[in-house]
Structure formats: structure tokens, C-alpha cells
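Worksheet for the structure shown next.
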Amino acid sequence: MTSVSYLLLIEDDDAIRTGLELALTRQGHRVATAASGEDGLRLFKEQRPDLIVLDVMLPGIDGFEVCRRIRRTDQLPIILLTARSDDIDVVVGLESGADDYVVKPVQPRVLDARIRAVLRRGERESSDSAAYGGLVIDRSAMTVTKDGQDLQLTPTELRLLLELSRRPGQALSRQQLLRLVWEHDYLGDSRLVDACVQRLRAKVEDVPSAPTLIRTVRGVGYRLDPPA
Amino acid sequence: MSWQRLSSLRVRLIAVFAAVALVTAVSASGIAYWLNRDAVLRRAQNASLNDFRGSLTRTVSQLPLHPTCQDLSSLAVQVASSGLAYDVVVVDPSQPDCTASSDPIAFTAKQVPPALVTAVNKPREIGPGNPYQYHLYWQRVNLSGPYVVGGTKVEPDGPTAYMFKSLQNERADLNTLGWSLAIATLLALVGSALLAQGASATVLRPVRRLGDAARRLGEGELDTRLDVEGNDELADLARTFNRTAESLSEQVAELSAREAQSRRFVADMSHELRTPLTAMTAVTDILEDEADSLDPMIEPAVRIVVSETRRLSDLVENLMEVTRFDAGTAKLVADEVDMADLIMSCIDGRAWYDAVELDAPRGILAVVDPRRLDVVFANLIGNALKHGGSPVKVKVRQDGETVVVSVSDGGPGIPEDVLPHVFDRFYKADKGRARSEGSGLGLSIAEANALIHGGAITAANNPEGGAVFTLTLPLTQPPAPGPEEAP
């Protein structure tokens, strides 16, 4: 990373907040912190960070609600700090719009790797564009329009759409997508893919419950079907 | 029919009832028969004998002093003609060759039993209790049918008369009576069997209900209760059963409440430990990075804090995992993965690549939770590296609808007495060692993870030396979660 990324850490426990702030600062990030969801939302509006690290269990409005409120207006990456990996927390968190999650107690190196991976998703790489029906993916501007209207996609959703659109008509397994989009170098949590596909469909499909563009391939994964 | 069936309560009851009925009926009929027989025979016999005596007395006086054979025959006919259907034979010592009989073809003097002849011809002393010198004697004999033969002398030198009276009619009557009694006995037996059946049903039905209830209780239906009817011993038994079931279910409820409480405590405790651990883990990396530049007196202390924080963090993580398995809240996030990829990423992620020989063909796809299996492989391989040592070999094979992964090492193997306990929590092979090198939960968690996939792990020793852990997993999960929405 050339530029220093600016993170907002929302965590109610003083020791964890201070510890993570120290560790993330040492990893080369600029870190702002908030001890509650309300403070976090206010700081977010004032400071416009590049990424938010969000604890799920917060006094007052909880992490899910913070996540939903941010997603109403902004598509910046959000990483959740959850208590358990197989908990309903993960599912709810991903449905609220989070891009990734880490489980406490988290090694700062792991968190840093996830942060950098999420931030990379927003980087542009090629300079072409593709159209699928009314959907136009401009890879140079990193924008997606549907019927001429700009779609607000998070970097993760955008990267997922880019990876699928790079291989139209070809099914990609969840594990492949986890490697390509989330940069998980081990076999990861397929719920990340399922949740992100759901959110992406909600934005790009005409009828999200009957998808025609991003199709499920039973037993394999997902496939982007160019309209005939 | 088995012996057990023969000795069943129902059969025994029927046998007892039948025996009682048989003894009662046979003795009652027997007594009735013998009394009747005696009375019937005696009455017929006495009537004939009395008639014979009267008829003889009347007729003999008309006999001449020295009767001819002709006279004697007419005497016999005359005496017999009195009406009670007996025949008469008259014998006179003065006419030894004369056969005087009312029916000379059927009855002759030869048919009179010698004992009777002797008794009849024996004169008695005449005294105060005995006015007659000669008495009437009788004997029952069988001459082509039952007969009573009576005989007497009227005068000392006169003829002797014998009477033959058939008892055929009486015998026929008695036979009829005997048959009737036998049939009555048979009916009593049948009746007793039916009664026994009824009685056994009233006993056996509650017994069967009790048996059913006891079986249900044994199968874990602790709310099984019996309806108590009546006030007999069986009702007592039912009440006892109900009380037993009641206290049993109370105890079970109490035990499971206590168990749930202690599980919750462990879960809560692990959860509480996690917050400080998260903060500590966050700064361990900083401490570790800076350790080299610290005072040599302080550096070892920092290293201990760093390594023990990580160990504590692993332990708490494993404890939480165990409580999740115990509480049944562990979930499977299944996905179809290539087993070779899965093991490869596990080995790569932990930098074990140089220490492990992997023999895994690509293309064995299984629907599994990759993160849970990663834990399983990390535990099995880590364990083999720690306790067994190189070469650690991991072999993956497909066997029908299952995939079999074996992890073997070149170490000393597992002692036989330890083998059954390798999956126990906190089990230490060496009691002298104060604490295990791992959390002591690794293999137990690996096993629980295999079980949640519908698979299993076994531990054994290789004949060529070293331990072998074998993981068997079904290729597909029964309720395969995955993309729910229709394409």
C-alpha cells in the first residue's frame, strides 16, 4: 500500500480498543476509535474513514444496526469483530452488509491481512467495460450502471461481480470465489460468498428472488449468465 | 412351544384349576356311583330273595314226602312263577341225577358256586337269637351276565332250592349313571379351564400393562404412568411403579438441570475470558516484535507472556468449541471441496510442508465444513508431528461413498493402555507431566468434528511401528445445506 489507510475502530471494551489501536497503528494504519455505535456513526460522518472495524456486541445500538445505517448511504468496507465463527452473528452480520469478519481473540496480523485484502478490492486494474443487458460494468472507472443509473456497490460486491463477469458462463465454486475475491489463502467460510451474492443480486437483478444474471449452479457455486 | 411358554402363568393357572376340578368331580362322582350301585343292587336282590323265600315256603309244603324228579321240577317251575323273573333250580339229595330247573337249558345245579352250596347245606345251632336251622344265602356271580344266586333249605331232609336272578337291567342303569358322571366330570374340566382362562386374563392384563410401562420407562419415556384400578396387590404394584417412575424422572430432571448449569457455566466463563484475551492477543505481536531490542533480563519474561497468551487463547477457544459440541449448538457450514486442496491448505497454512508426506489424488470431492475439517487435520497432523515425529504420512483414498484419510507417524506408537483414551478430554498419557503440550482437547474436538459430519476417527498402532489415526467421512452430508434459492 502506498497511501496510509484510515480506519475507524468501533469497540466498547477499553482494553481491546486500545490494544487493537496500538497493533493496527504499528501495522501502518491511521486509526480513529469510538467506544459506542452512536459515537462511531458520528465519527464516521465527520472523518470519512477508508474502512470500519466494527464490534458486534455494543451497548446502545449494536454492530448490526451500525452496519445497516452506514450501508444506507455508503459502500465503504466493513469488517466485523464477532465472538463466534459458527454463530448466527456471522449470518446476521453478513446480511447487514459487512464484507468480512474476524473472530475474537484475533491476531493483529490476521486482521491486518483482511483489512488490506478488503481495501485491495477497490483498486482498478484493467481498462475495459462489459455490458450484460442493461448492466454495464466499467472496469476502468470501477463503476457499474444499470439502465444508465449508477449502482452503489461495496468493493467486495464490485470485485465479486468483476470476477464473475471475467468468466461469463463459467461456474465458479464458493472456494474459488473466496480465493479470488476475499483472498483467503485457506478454505474459508462459504457463507461470505452466499451473503455477498444475495446483496449483489438485490442490486443488479430485476427480480432478486428469481435471478437471471447471477445464477446458482447447484452443487458447484455461481455463474454469470450473459443475457441472450 | 418353548418351555418358557409352557411354564407361563396362564398355563400354570389352567393346570391348577383343572387339577382341582378333576379331583372334585372324580371324587364326587365316584362316591355317588358307589353309593348308588350298592343301593340299586341291594334293592333288586333283596326283593327277589324275599319273594323267592316266600314263594318257596308256600310251595314246598305241597311237596310229597318222597318227591320224584317230576315233583321237584314242578316245584321249581312253581316257585319261579311268582313273578319277579327269576329262575329256580331244586336239588334233592335223594334224587342226585335229577335236574329240576324252571329253565333247565340255562340254569342247572352245576352253576351254583360250591361255596354257596356249602353255606346253604350247613345247619345252624338253634338258639335264642336264631329260630331257624337253615338260612338263606346269596352270592353274586357272572354267568353270561351279572346274576345273584340265592339258596336255602326249608327242612333238614328236604330239597335245596337255588334262585338265579339276572342283574342285567341294574347293571345297564348303573352304566348309564357312570357315563353321565364321566360326562359331568368332563364338563367340569372344560368349565374350570375357561374359568382359569378368565382368571388369568384378569391377572395377566395388568401384568402385561405393567410390563409395557416398564419397557417404555426403560426406553426413556420418563412420563410413563399406570392407571391404578382397584385395591388389590396389582394395584399396589402399579402405585409402586408410578412412585418409582416419578422419583426417577425427578432425579433425571435434576441431573440434567445440574449438567446444563455446569455447561452454561463453562460456556459463560470461556466467553468472559475471551474479552481480556482479545486485548492481550492484540498487543502480543507488538511485544514479540520488540522483544529482541529489550533488556536481556526482560526479554524472556516478554516471550513467556506472548507464548502463554497464545496458549491460553487456544485453550479458551477449544473450551468454547467443546461447550458448543456439548450443548449441541455446533453447526456445519458445509461446502463441496477437494480433499487434497483442503489438506494442502492446512499443511501450507502451518508451514508443515517439509515435514509431511502427502499422498492425496486430486478430484475426491466431499461436502464438508472446510474450517471444521481444517481443525481436524491440524490436530491429527500436529499431534503426529509432536508425539510421533517424521515421517508423518497423510494418505487420502475414496472408498465407495466415503473418503478415508489416514495420518501415520514414525514414532513409538501409542501404548495399549492409552489407546482407548486418546480421544478423552484432558487425558494425559504421562501422569507425571504437569500439563499437556496442547490444550488437551485437540483430539476430542477432532473426534467431535468428525462425528458432526457423520464420520469417525479411530486410533491404532501400525504393525511396522508408529501410530495411525484414520478419519472416515461420508462424501455427502444428508441435509446438504448450500444455495437454497432456485436458479
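Letters A, B, ... go to the chains of the C-alpha cells in the order shown; residues in each chain start at 1; ligands are counted from 1 in the same order.
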
Shell of 10 Å around A:Lys146, only C-alpha atoms, local chain residues under 3 positions omitted, as a CSV table (one decimal) with C-alpha atoms, in the first residue's frame:
```
chain,number,residue,atom,x,y,z
A,131,ALA,CA,-22.4,-4.9,-20.9
A,132,TYR,CA,-24.9,-7.6,-19.8
A,133,GLY,CA,-28.3,-6.4,-20.9
A,134,GLY,CA,-29.0,-3.2,-19.1
A,135,LEU,CA,-26.0,-3.8,-16.8
A,136,VAL,CA,-22.7,-2.0,-17.8
A,137,ILE,CA,-19.5,-2.8,-15.9
A,149,GLN,CA,-28.2,4.5,-13.4
A,150,ASP,CA,-25.1,4.3,-11.1
A,151,LEU,CA,-25.3,1.3,-8.8
A,203,LYS,CA,-28.8,-4.5,-6.5
A,204,VAL,CA,-28.3,-5.9,-10.1
A,205,GLU,CA,-31.2,-8.3,-10.7
A,206,ASP,CA,-34.6,-7.2,-11.9
```

Spatial neighbours of stretch 379-391 of chain B, 12 Å, only C-alpha atoms, chain gap at least 5 places, as a PyMOL selection string: chain B and resi 318+343-344+346-347+350-358+372-374+405-414+422-423+429+436-447+449-450+457-459+461-462+465-471

Counting only C-alpha atoms, chain B residues within 10 Å of chain A, as number ranges by chain: B: 271, 273-287, 310, 313-314, 316-317, 320-321, 324, 329-338, 341-349, 367, 369-371, 373-374, 480-487

Residues within 9 Å of stretch 34-37 of chain B, only C-alpha atoms, excluding chain neighbours under 3 positions, as a ChimeraX atom specification: /B:29-31,40-42,170-171,174,177

Alpha helix (DSSP H) positions in stretch 94-215 of chain B, given as a ChimeraX atom specification: /B:114-120,168-215

Store the residues picked out above, limited to C-alpha atoms, as a compact mmCIF listing (two decimals), in the first residue's frame.
```txt
# COMPACT_ATOMS: atom_id res chain seq x y z
CA PRO B 114 -69.60 -124.51 45.60
CA ALA B 115 -69.08 -122.03 48.42
CA LEU B 116 -72.79 -121.22 48.34
CA VAL B 117 -73.70 -124.91 48.35
CA THR B 118 -71.53 -125.47 51.39
CA ALA B 119 -73.02 -122.46 53.23
CA VAL B 120 -76.59 -123.42 52.39
CA GLN B 168 -78.58 -107.09 33.81
CA ASN B 169 -81.09 -104.23 33.99
CA GLU B 170 -79.50 -102.82 37.11
CA ARG B 171 -76.06 -103.10 35.55
CA ALA B 172 -77.34 -101.21 32.48
CA ASP B 173 -78.78 -98.48 34.72
CA LEU B 174 -75.50 -98.20 36.58
CA ASN B 175 -73.54 -97.97 33.33
CA THR B 176 -75.78 -95.11 32.21
CA LEU B 177 -75.15 -93.41 35.54
CA GLY B 178 -71.40 -93.91 35.16
CA TRP B 179 -71.40 -92.35 31.71
CA SER B 180 -73.43 -89.40 32.90
CA LEU B 181 -70.98 -88.82 35.74
CA ALA B 182 -68.00 -89.07 33.38
CA ILE B 183 -69.57 -86.51 31.06
CA ALA B 184 -70.29 -84.26 34.04
CA THR B 185 -66.63 -84.55 35.08
CA LEU B 186 -65.51 -83.64 31.58
CA LEU B 187 -67.81 -80.62 31.56
CA ALA B 188 -66.41 -79.57 34.93
CA LEU B 189 -62.89 -79.79 33.49
CA VAL B 190 -63.79 -77.64 30.48
CA GLY B 191 -65.55 -75.17 32.75
CA SER B 192 -62.54 -74.96 35.03
CA ALA B 193 -60.24 -74.33 32.07
CA LEU B 194 -62.46 -71.47 30.93
CA LEU B 195 -62.56 -70.10 34.45
CA ALA B 196 -58.78 -70.32 34.67
CA GLN B 197 -58.50 -68.51 31.38
CA GLY B 198 -60.72 -65.74 32.70
CA ALA B 199 -58.88 -65.57 35.99
CA SER B 200 -55.51 -65.47 34.28
CA ALA B 201 -56.76 -62.71 32.00
CA THR B 202 -57.73 -60.56 34.97
CA VAL B 203 -54.27 -61.11 36.44
CA LEU B 204 -52.27 -61.11 33.24
CA ARG B 205 -53.74 -57.99 31.65
CA PRO B 206 -52.47 -55.69 34.42
CA VAL B 207 -49.18 -57.61 34.44
CA ARG B 208 -48.79 -57.07 30.69
CA ARG B 209 -49.65 -53.38 31.06
CA LEU B 210 -47.08 -53.12 33.81
CA GLY B 211 -44.52 -54.83 31.59
CA ASP B 212 -45.25 -52.44 28.71
CA ALA B 213 -44.96 -49.45 31.01
CA ALA B 214 -41.68 -50.69 32.47
CA ARG B 215 -40.28 -51.17 28.96
```

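Within 7 Å of B:Thr152, once only C-alpha atoms are used and residues closer than 3 positions along the same chain are dropped, the contacting residues are Val120, Tyr134, His135, Leu136, Tyr137, Thr160, Ala161 and Tyr162 of chain B.
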